[in-house]
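Data from model-v3.cif: mmCIF, C-alpha atoms
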data_coords
#
loop_
_atom_site.label_atom_id
_atom_site.label_comp_id
_atom_site.auth_asym_id
_atom_site.auth_seq_id
_atom_site.Cartn_x
_atom_site.Cartn_y
_atom_site.Cartn_z
CA MET Q 1 111.61 107.54 92.68
CA THR Q 2 113.10 107.71 96.17
CA ILE Q 3 116.82 107.88 96.93
CA ASP Q 4 116.82 104.23 98.05
CA SER Q 5 115.09 103.04 94.89
CA GLU Q 6 117.56 105.01 92.77
CA ILE Q 7 120.48 103.45 94.65
CA LEU Q 8 119.06 99.95 94.10
CA THR Q 9 118.45 100.74 90.44
CA ALA Q 10 122.06 101.87 90.01
CA LEU Q 11 123.39 98.78 91.80
CA ARG Q 12 121.30 96.48 89.59
CA ALA Q 13 122.51 98.21 86.43
CA VAL Q 14 126.10 96.96 86.85
CA ASP Q 15 127.73 93.64 87.71
CA ASP Q 16 131.14 94.89 88.79
CA GLY Q 17 130.06 97.58 91.26
CA VAL Q 18 129.50 101.32 91.28
CA SER Q 19 131.62 103.79 93.22
CA GLY Q 20 130.34 106.02 95.97
CA ALA Q 21 131.54 109.00 93.93
CA ASP Q 22 129.45 107.93 90.92
CA LEU Q 23 126.39 107.37 93.10
CA SER Q 24 126.90 110.75 94.73
CA HIS Q 25 127.04 112.40 91.29
CA GLN Q 26 124.03 110.50 89.91
CA LEU Q 27 121.83 111.19 92.92
CA GLY Q 28 123.00 114.72 93.68
CA ILE Q 29 123.81 113.93 97.31
CA SER Q 30 127.05 113.70 99.29
CA ARG Q 31 129.08 110.50 99.53
CA ALA Q 32 128.33 110.49 103.26
CA ALA Q 33 124.62 110.52 102.47
CA VAL Q 34 125.10 107.64 100.03
CA TRP Q 35 126.90 105.64 102.71
CA ALA Q 36 124.10 106.37 105.21
CA ARG Q 37 121.45 105.10 102.79
CA ILE Q 38 123.53 101.99 102.04
CA GLU Q 39 123.69 101.29 105.76
CA GLU Q 40 119.90 101.63 106.06
CA LEU Q 41 119.42 99.18 103.21
CA ARG Q 42 121.78 96.73 104.92
CA LEU Q 43 119.67 96.95 108.06
CA LEU Q 44 116.67 95.94 105.95
CA GLY Q 45 118.50 92.80 104.85
CA TYR Q 46 120.18 93.86 101.59
CA ASP Q 47 123.62 92.32 101.24
CA ILE Q 48 125.68 95.16 99.73
CA GLN Q 49 129.42 94.65 99.43
CA ALA Q 50 131.73 97.66 99.68
CA SER Q 51 135.20 97.62 98.13
CA PRO Q 52 137.76 100.46 97.84
CA HIS Q 53 138.36 99.47 94.21
CA ALA Q 54 135.04 98.09 92.93
CA GLY Q 55 132.71 100.30 94.97
CA TYR Q 56 129.31 98.99 96.02
CA ARG Q 57 127.85 95.71 94.73
CA LEU Q 58 124.41 94.26 95.42
CA LEU Q 59 124.91 90.58 96.26
CA ARG Q 60 121.57 89.50 97.69
CA VAL Q 61 118.15 90.91 98.49
CA PRO Q 62 115.90 89.79 101.36
CA ASP Q 63 112.70 87.83 100.74
CA VAL Q 64 110.50 90.73 101.71
CA LEU Q 65 108.36 93.16 99.77
CA HIS Q 66 109.89 96.63 100.04
CA ALA Q 67 108.37 99.60 98.19
CA ASP Q 68 111.71 101.10 97.15
CA ASP Q 69 112.94 97.73 95.92
CA LEU Q 70 109.77 97.17 93.89
CA LEU Q 71 110.08 100.63 92.32
CA SER Q 72 113.69 99.82 91.46
CA ARG Q 73 112.75 96.55 89.77
CA LEU Q 74 109.71 97.99 88.02
CA GLY Q 75 111.33 100.82 86.13
CA THR Q 76 109.17 103.43 84.39
CA THR Q 77 105.45 102.81 83.92
CA LYS Q 78 102.78 105.19 82.66
CA VAL Q 79 100.19 104.57 85.38
CA VAL Q 80 100.27 101.30 87.32
CA GLY Q 81 102.96 101.24 90.00
CA ARG Q 82 104.06 104.86 89.96
CA ASP Q 83 103.20 104.84 93.68
CA ILE Q 84 103.77 101.63 95.66
CA ARG Q 85 102.99 101.05 99.33
CA VAL Q 86 103.70 97.92 101.35
CA PHE Q 87 102.05 96.86 104.61
CA GLN Q 88 103.26 94.03 106.79
CA GLU Q 89 99.66 93.16 107.61
CA THR Q 90 96.26 94.58 106.80
CA THR Q 91 92.66 93.40 106.69
CA SER Q 92 92.48 93.51 102.90
CA THR Q 93 94.50 95.52 100.40
CA ASN Q 94 91.20 96.37 98.68
CA ASP Q 95 90.11 98.07 101.91
CA VAL Q 96 93.26 100.19 101.95
CA VAL Q 97 92.93 101.19 98.30
CA GLU Q 98 89.27 102.10 98.75
CA LYS Q 99 90.23 104.46 101.58
CA LEU Q 100 92.99 105.98 99.43
CA ALA Q 101 90.43 106.48 96.67
CA ARG Q 102 88.07 108.31 99.03
CA ASP Q 103 90.99 110.51 100.11
CA GLY Q 104 91.61 111.50 96.49
CA ALA Q 105 94.70 109.41 95.66
CA ARG Q 106 95.54 109.44 91.97
CA GLU Q 107 95.17 106.30 89.94
CA GLY Q 108 98.02 103.86 89.67
CA VAL Q 109 98.77 103.49 93.37
CA VAL Q 110 99.47 99.86 94.30
CA VAL Q 111 99.11 98.48 97.82
CA PHE Q 112 100.84 95.22 98.78
CA ALA Q 113 100.46 93.35 102.06
CA GLU Q 114 102.74 90.61 103.30
CA SER Q 115 99.65 89.10 104.88
CA GLN Q 116 95.92 89.81 105.09
CA THR Q 117 93.67 89.01 108.02
CA LYS Q 118 90.46 89.38 106.00
CA GLY Q 119 91.49 88.80 102.41
CA ARG Q 120 88.45 88.25 100.24
CA GLY Q 121 87.54 86.81 96.90
CA ARG Q 122 84.37 86.87 94.83
CA LEU Q 123 80.97 86.45 96.49
CA GLY Q 124 82.43 87.29 99.90
CA ARG Q 125 84.61 84.18 100.02
CA ALA Q 126 87.70 84.32 102.25
CA TRP Q 127 91.10 84.43 100.52
CA MET Q 128 93.93 82.71 102.37
CA SER Q 129 96.93 85.08 102.53
CA PRO Q 130 99.83 83.53 104.50
CA ALA Q 131 102.73 85.86 105.31
CA ARG Q 132 105.53 86.10 102.73
CA LYS Q 133 104.16 83.23 100.67
CA GLY Q 134 102.39 85.07 97.89
CA LEU Q 135 101.51 88.37 96.31
CA TRP Q 136 98.44 90.02 97.78
CA PHE Q 137 97.86 93.46 96.32
CA SER Q 138 95.37 95.97 94.94
CA VAL Q 139 95.54 98.69 92.31
CA LEU Q 140 93.54 101.92 92.19
CA LEU Q 141 92.32 102.87 88.72
CA ARG Q 142 90.13 105.69 87.48
CA PRO Q 143 89.28 104.65 83.91
CA ARG Q 144 87.23 107.02 81.77
CA VAL Q 145 84.76 104.36 80.71
CA SER Q 146 81.15 103.48 81.39
CA PRO Q 147 80.35 101.07 84.25
CA GLN Q 148 79.48 98.40 81.66
CA ALA Q 149 82.82 98.78 79.90
CA ALA Q 150 84.75 98.78 83.18
CA THR Q 151 84.49 94.99 83.25
CA ARG Q 152 87.13 95.04 80.54
CA LEU Q 153 89.67 95.74 83.27
CA THR Q 154 89.06 92.27 84.72
CA ILE Q 155 89.71 90.80 81.29
CA ALA Q 156 92.91 92.82 80.87
CA SER Q 157 94.10 91.83 84.34
CA ALA Q 158 93.73 88.15 83.53
CA THR Q 159 95.76 88.41 80.33
CA ALA Q 160 98.43 90.44 82.13
CA LEU Q 161 98.72 87.81 84.88
CA VAL Q 162 99.05 84.97 82.39
CA ARG Q 163 101.83 86.77 80.51
CA ALA Q 164 103.75 87.71 83.66
CA ILE Q 165 103.58 84.16 85.04
CA HIS Q 166 104.87 82.77 81.75
CA THR Q 167 107.67 85.36 81.61
CA ARG Q 168 108.96 84.57 85.10
CA THR Q 169 108.34 80.79 85.21
CA GLY Q 170 107.83 79.48 81.68
CA LEU Q 171 104.50 78.02 82.82
CA THR Q 172 101.44 78.28 80.58
CA ALA Q 173 98.43 79.36 82.61
CA GLU Q 174 94.78 79.40 81.56
CA ILE Q 175 91.93 81.76 82.37
CA LYS Q 176 88.78 80.32 83.90
CA TRP Q 177 85.86 82.65 83.27
CA PRO Q 178 85.40 85.09 84.81
CA ASN Q 179 88.47 85.77 86.94
CA ASP Q 180 90.53 82.74 87.98
CA ILE Q 181 93.98 81.80 86.71
CA LEU Q 182 94.68 78.07 86.51
CA ILE Q 183 97.71 75.88 85.96
CA GLY Q 184 97.04 72.22 85.28
CA GLY Q 185 93.39 72.76 86.17
CA LYS Q 186 94.20 74.15 89.62
CA LYS Q 187 93.75 77.75 90.75
CA VAL Q 188 96.97 79.70 91.24
CA ALA Q 189 95.64 83.28 91.20
CA GLY Q 190 92.40 85.23 91.43
CA ILE Q 191 91.10 88.68 90.59
CA LEU Q 192 88.49 90.71 92.48
CA THR Q 193 87.20 93.85 90.78
CA GLU Q 194 85.25 96.32 92.94
CA MET Q 195 83.80 99.42 91.31
CA HIS Q 196 82.26 102.65 92.55
CA ALA Q 197 80.17 104.46 89.94
CA GLU Q 198 77.47 107.08 89.58
CA LEU Q 199 74.93 106.63 86.77
CA ASP Q 200 77.11 106.16 83.68
CA THR Q 201 80.40 107.38 85.20
CA VAL Q 202 83.03 105.28 86.95
CA LYS Q 203 84.43 107.10 89.97
CA CYS Q 204 87.10 104.52 90.73
CA LEU Q 205 87.87 100.87 90.36
CA THR Q 206 89.82 98.69 92.78
CA LEU Q 207 91.58 95.76 91.23
CA GLY Q 208 92.46 93.13 93.82
CA ILE Q 209 94.85 90.33 92.89
CA GLY Q 210 96.10 87.33 94.82
CA VAL Q 211 98.83 85.02 93.53
CA ASP Q 212 99.92 81.85 95.33
CA VAL Q 213 103.67 82.05 94.81
CA ASN Q 214 105.76 80.09 97.33
CA LEU Q 215 103.14 78.03 99.14
CA ALA Q 216 103.86 74.36 99.71
CA ALA Q 217 101.07 71.80 99.49
CA ALA Q 218 100.93 71.68 103.30
CA ASP Q 219 100.22 75.43 103.41
CA PHE Q 220 96.79 74.89 101.82
CA PRO Q 221 93.85 73.71 103.93
CA ALA Q 222 92.98 70.09 103.21
CA ASP Q 223 89.79 71.05 101.35
CA LEU Q 224 91.75 73.19 98.86
CA ARG Q 225 94.63 70.88 98.00
CA ARG Q 226 92.76 69.27 95.11
CA THR Q 227 91.77 72.57 93.53
CA ALA Q 228 94.58 75.02 94.39
CA THR Q 229 98.26 75.17 93.58
CA SER Q 230 101.21 77.55 93.71
CA LEU Q 231 103.98 78.56 91.38
CA LYS Q 232 106.47 76.86 93.71
CA ILE Q 233 104.56 73.58 93.50
CA GLU Q 234 104.38 73.79 89.71
CA THR Q 235 108.03 74.75 89.14
CA GLY Q 236 109.60 72.85 92.01
CA GLU Q 237 111.47 75.91 93.27
CA SER Q 238 110.90 79.12 95.20
CA LEU Q 239 110.40 82.28 93.17
CA ASP Q 240 111.66 85.80 93.73
CA ARG Q 241 108.38 87.50 94.68
CA GLY Q 242 109.74 90.97 93.98
CA GLU Q 243 110.66 90.08 90.40
CA LEU Q 244 107.27 88.49 89.81
CA ALA Q 245 105.49 91.50 91.31
CA ALA Q 246 107.37 93.87 89.02
CA ALA Q 247 106.59 91.70 85.99
CA ILE Q 248 102.87 91.68 86.83
CA LEU Q 249 102.74 95.45 87.32
CA ARG Q 250 104.49 96.05 83.99
CA GLU Q 251 102.00 93.83 82.19
CA LEU Q 252 99.04 95.44 83.98
CA ASP Q 253 100.30 98.87 82.96
CA CYS Q 254 100.63 97.66 79.37
CA ASP Q 255 97.09 96.29 79.18
CA TYR Q 256 95.60 99.27 81.00
CA GLY Q 257 97.22 101.41 78.32
CA ARG Q 258 95.63 99.24 75.64
CA ILE Q 259 92.19 99.64 77.24
CA CYS Q 260 92.51 103.41 77.66
CA SER Q 261 93.73 103.90 74.10
CA GLY Q 262 90.80 102.05 72.58
CA ARG Q 263 92.61 98.79 71.79
CA PHE Q 264 90.36 96.45 73.75
CA GLU Q 265 89.92 94.11 70.79
CA SER Q 266 93.57 93.06 70.98
CA VAL Q 267 93.14 92.29 74.69
CA ALA Q 268 89.95 90.32 74.02
CA ASP Q 269 91.68 88.29 71.30
CA GLU Q 270 94.44 87.33 73.73
CA TRP Q 271 91.89 86.51 76.45
CA GLU Q 272 90.05 84.15 74.09
CA GLU Q 273 93.27 82.27 73.33
CA ARG Q 274 93.88 81.66 77.04
CA CYS Q 275 90.32 81.04 78.24
CA ASN Q 276 89.45 77.40 79.00
CA THR Q 277 85.72 78.10 79.50
CA ILE Q 278 84.69 78.99 75.96
CA GLY Q 279 82.21 76.47 74.57
CA ARG Q 280 81.27 75.16 78.03
CA GLU Q 281 78.26 75.81 80.28
CA VAL Q 282 78.82 77.78 83.48
CA VAL Q 283 76.65 78.48 86.52
CA ILE Q 284 76.28 82.12 87.60
CA ARG Q 285 75.09 82.96 91.09
CA VAL Q 286 72.94 86.09 91.48
CA GLY Q 287 72.07 86.22 95.17
CA GLU Q 288 70.24 82.98 95.91
CA ARG Q 289 69.54 82.34 92.23
CA ARG Q 290 71.62 80.20 89.92
CA LEU Q 291 71.69 80.87 86.21
CA ARG Q 292 73.11 78.46 83.68
CA GLU Q 293 74.81 80.24 80.81
CA PRO Q 294 76.44 78.55 77.81
CA ILE Q 295 79.70 80.28 76.93
CA PRO Q 296 79.59 80.70 73.15
CA PRO Q 297 82.62 80.49 70.84
CA SER Q 298 82.34 84.29 70.41
CA SER Q 299 83.64 84.65 74.00
CA PRO Q 300 82.14 86.45 77.04
CA ALA Q 301 84.97 88.95 76.78
CA ARG Q 302 82.88 90.57 74.05
CA ASN Q 303 79.53 90.01 75.79
CA GLN Q 304 79.43 92.78 78.37
CA SER Q 305 75.89 92.05 79.63
CA VAL Q 306 76.73 88.51 80.76
CA TRP Q 307 80.21 89.47 81.99
CA CYS Q 308 78.95 92.34 84.14
CA ARG Q 309 76.59 90.11 86.13
CA SER Q 310 79.40 87.97 87.44
CA SER Q 311 82.55 89.98 87.80
CA CYS Q 312 81.64 93.44 89.07
CA SER Q 313 80.40 94.56 92.45
#
Written form, structure tokens:
Amino acid sequence: MTIDSEILTALRAVDDGVSGADLSHQLGISRAAVWARIEELRLLGYDIQASPHAGYRLLRVPDVLHADDLLSRLGTTKVVGRDIRVFQETTSTNDVVEKLARDGAREGVVVFAESQTKGRGRLGRAWMSPARKGLWFSVLLRPRVSPQAATRLTIASATALVRAIHTRTGLTAEIKWPNDILIGGKKVAGILTEMHAELDTVKCLTLGIGVDVNLAAADFPADLRRTATSLKIETGESLDRGELAAAILRELDCDYGRICSGRFESVADEWEERCNTIGREVVIRVGERRLREPIPPSSPARNQSVWCRSSCS
């Protein structure tokens, strides 16, 4: 963790303030250095009160995504989120992560963007990413699994999203096969899995996630208002995007751990409970072809051949 994230962690750990002397001791830096970092955080929009008796207190945080703040909220994870980077604007966070992968970045790095100019969903569809309205991010993973089994990461991501949304909002979301998250029948989040593999070895996997958090109905194009929603629309109030981001990353780390430790069955069981597509017929596009596939009660989460056709690229 950085000095700033450690300061924010210490401030969040207490309600009645922490002294400059205690921060200096905890961080191993001078009190002057603590004061300088506090001033930098204030310039970023953090409302930090200073009192001769109570010390420093964190009163309010800005509605921006800040890597040090996210690390502070996240706490300790095994893989996902141990390195977080935030861009004000980029083409697509998947593009950034793919470059990091080529440069040899270790797995677990997460790239957020406040807005994307070329955000994309499945089948090359555009993904609307208005500034400071949602969570648009990608995760680099290097799972030691076969390309066929790598589709399990899409399944795990869906269950993690559903749990995090429920934790932060109380809302019960559903999974629409293969990678959409719905509330009340409307899409609130999507997952795009892009994989690079050689023969039977996965080199890396980019997990792209978009969550419509604080969009109002007017923020959606007219043609999407019947099929899309946001957490703000569903709850009637704006959400703290930083807290939601941290909750999602914790759940992703949890389910990635379950996959890597051979506990996929528990993830698949949870996916089946949340999936609203089981028992229905779906249409799968393969290029210009359309295939109709009945989704059996046994769940596509356990049918890797069907799943792979539609969720991996």
Per residue of range 15-113 of chain Q within 10 Å of range 254-266 of chain Q, what are the shortest atom pair and its distance in Å to one decimal, counting all atoms listed in the file, with rows by chain and residue number, as a Markdown table?
| residue | atom | partner | partner_atom | distance |
| --- | --- | --- | --- | --- |
| Q:Thr77 | CA | Q:Cys254 | CA | 8.4 |
| Q:Lys78 | CA | Q:Gly257 | CA | 8.0 |
| Q:Val79 | CA | Q:Tyr256 | CA | 8.3 |
| Q:Val80 | CA | Q:Tyr256 | CA | 8.1 |
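The space separating CA of Ala32 in chain Q from CA of Tyr46 in chain Q comes to 18.6 Å.
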*List the residues matched by the PyMOL selection byres ((chain Q and resi 52) around 12) in the displayed structure as number ranges by chain, ordered by chain and then by residue number.*
Q: 17-21, 49-51, 53-57
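The residue that comes closest to Thr154 in chain Q, out of Q:Leu8, Q:Leu41, Q:Leu140, Q:Ile191 and on the basis of only C-alpha atoms, is Q:Ile191.
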*Please provide the set of residues having any atom within 7 Å of range 224-237 of chain Q, restricted to all atoms listed in the file, with same-chain residues fewer than 2 positions apart removed, written as a VMD selection string.*
chain Q and resid 186 to 188 212 to 217 220 to 222 239
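CA of Asn276 in chain Q is positioned 7.7 Å from CA of Trp177 in chain Q.
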_Running the PyMOL selection byres ((chain Q and resi 137) around 8) on this model by hand, what would come out? Give it as a PyMOL selection string._
chain Q and resi 93-94+110-113+135-136+138-139+208-210
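Our summary of the geometry notes that CA of Glu98 in chain Q is positioned 16.7 Å from CA of Leu153 in chain Q.
When only C-alpha atoms are used to compute distances to Ser157 in chain Q, the closest of the residues Q:Ala246, Q:Leu100, Q:Leu252, Q:Leu65 turns out to be Q:Leu252.
The residue that comes closest to Ala67 in chain Q, out of Q:Arg12, Q:Lys99, Q:Thr2, Q:Met128 and on the basis of all atoms listed in the file, is Q:Thr2.
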*Decode the PyMOL selection byres ((chain Q and resi 69) around 9) for the given file into explicit residues and return them as a VMD selection string.*
chain Q and resid 4 to 5 8 to 9 61 65 to 68 70 to 74 242
*Using all atoms listed in the file, which of the listed residues (Q:Glu174, Q:Gln116, Q:Arg241, Q:Ala101) sits closest to His196 in chain Q?*
Q:Ala101
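With distances taken over all atoms listed in the file, Q:Lys118 is the one residue among Q:Gly190, Q:Lys118, Q:Ser24, Q:Ile38 lying closest to Ser92 in chain Q.
Among the candidates Q:Val267, Q:Val97, Q:Leu244, Q:Val202, the residue lying nearest to Arg168 in chain Q is Q:Leu244 (atoms considered: all atoms listed in the file).
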Show me, as AutoDock Vina command-line options, the centre and edge lengths in Å to one decimal of the axis-aligned box that covers every listed atom of range 245-257 of chain Q with 5 Å on each side.
--center_x 101.5 --center_y 96.5 --center_z 84.8 --size_x 21.8 --size_y 19.9 --size_z 23.0
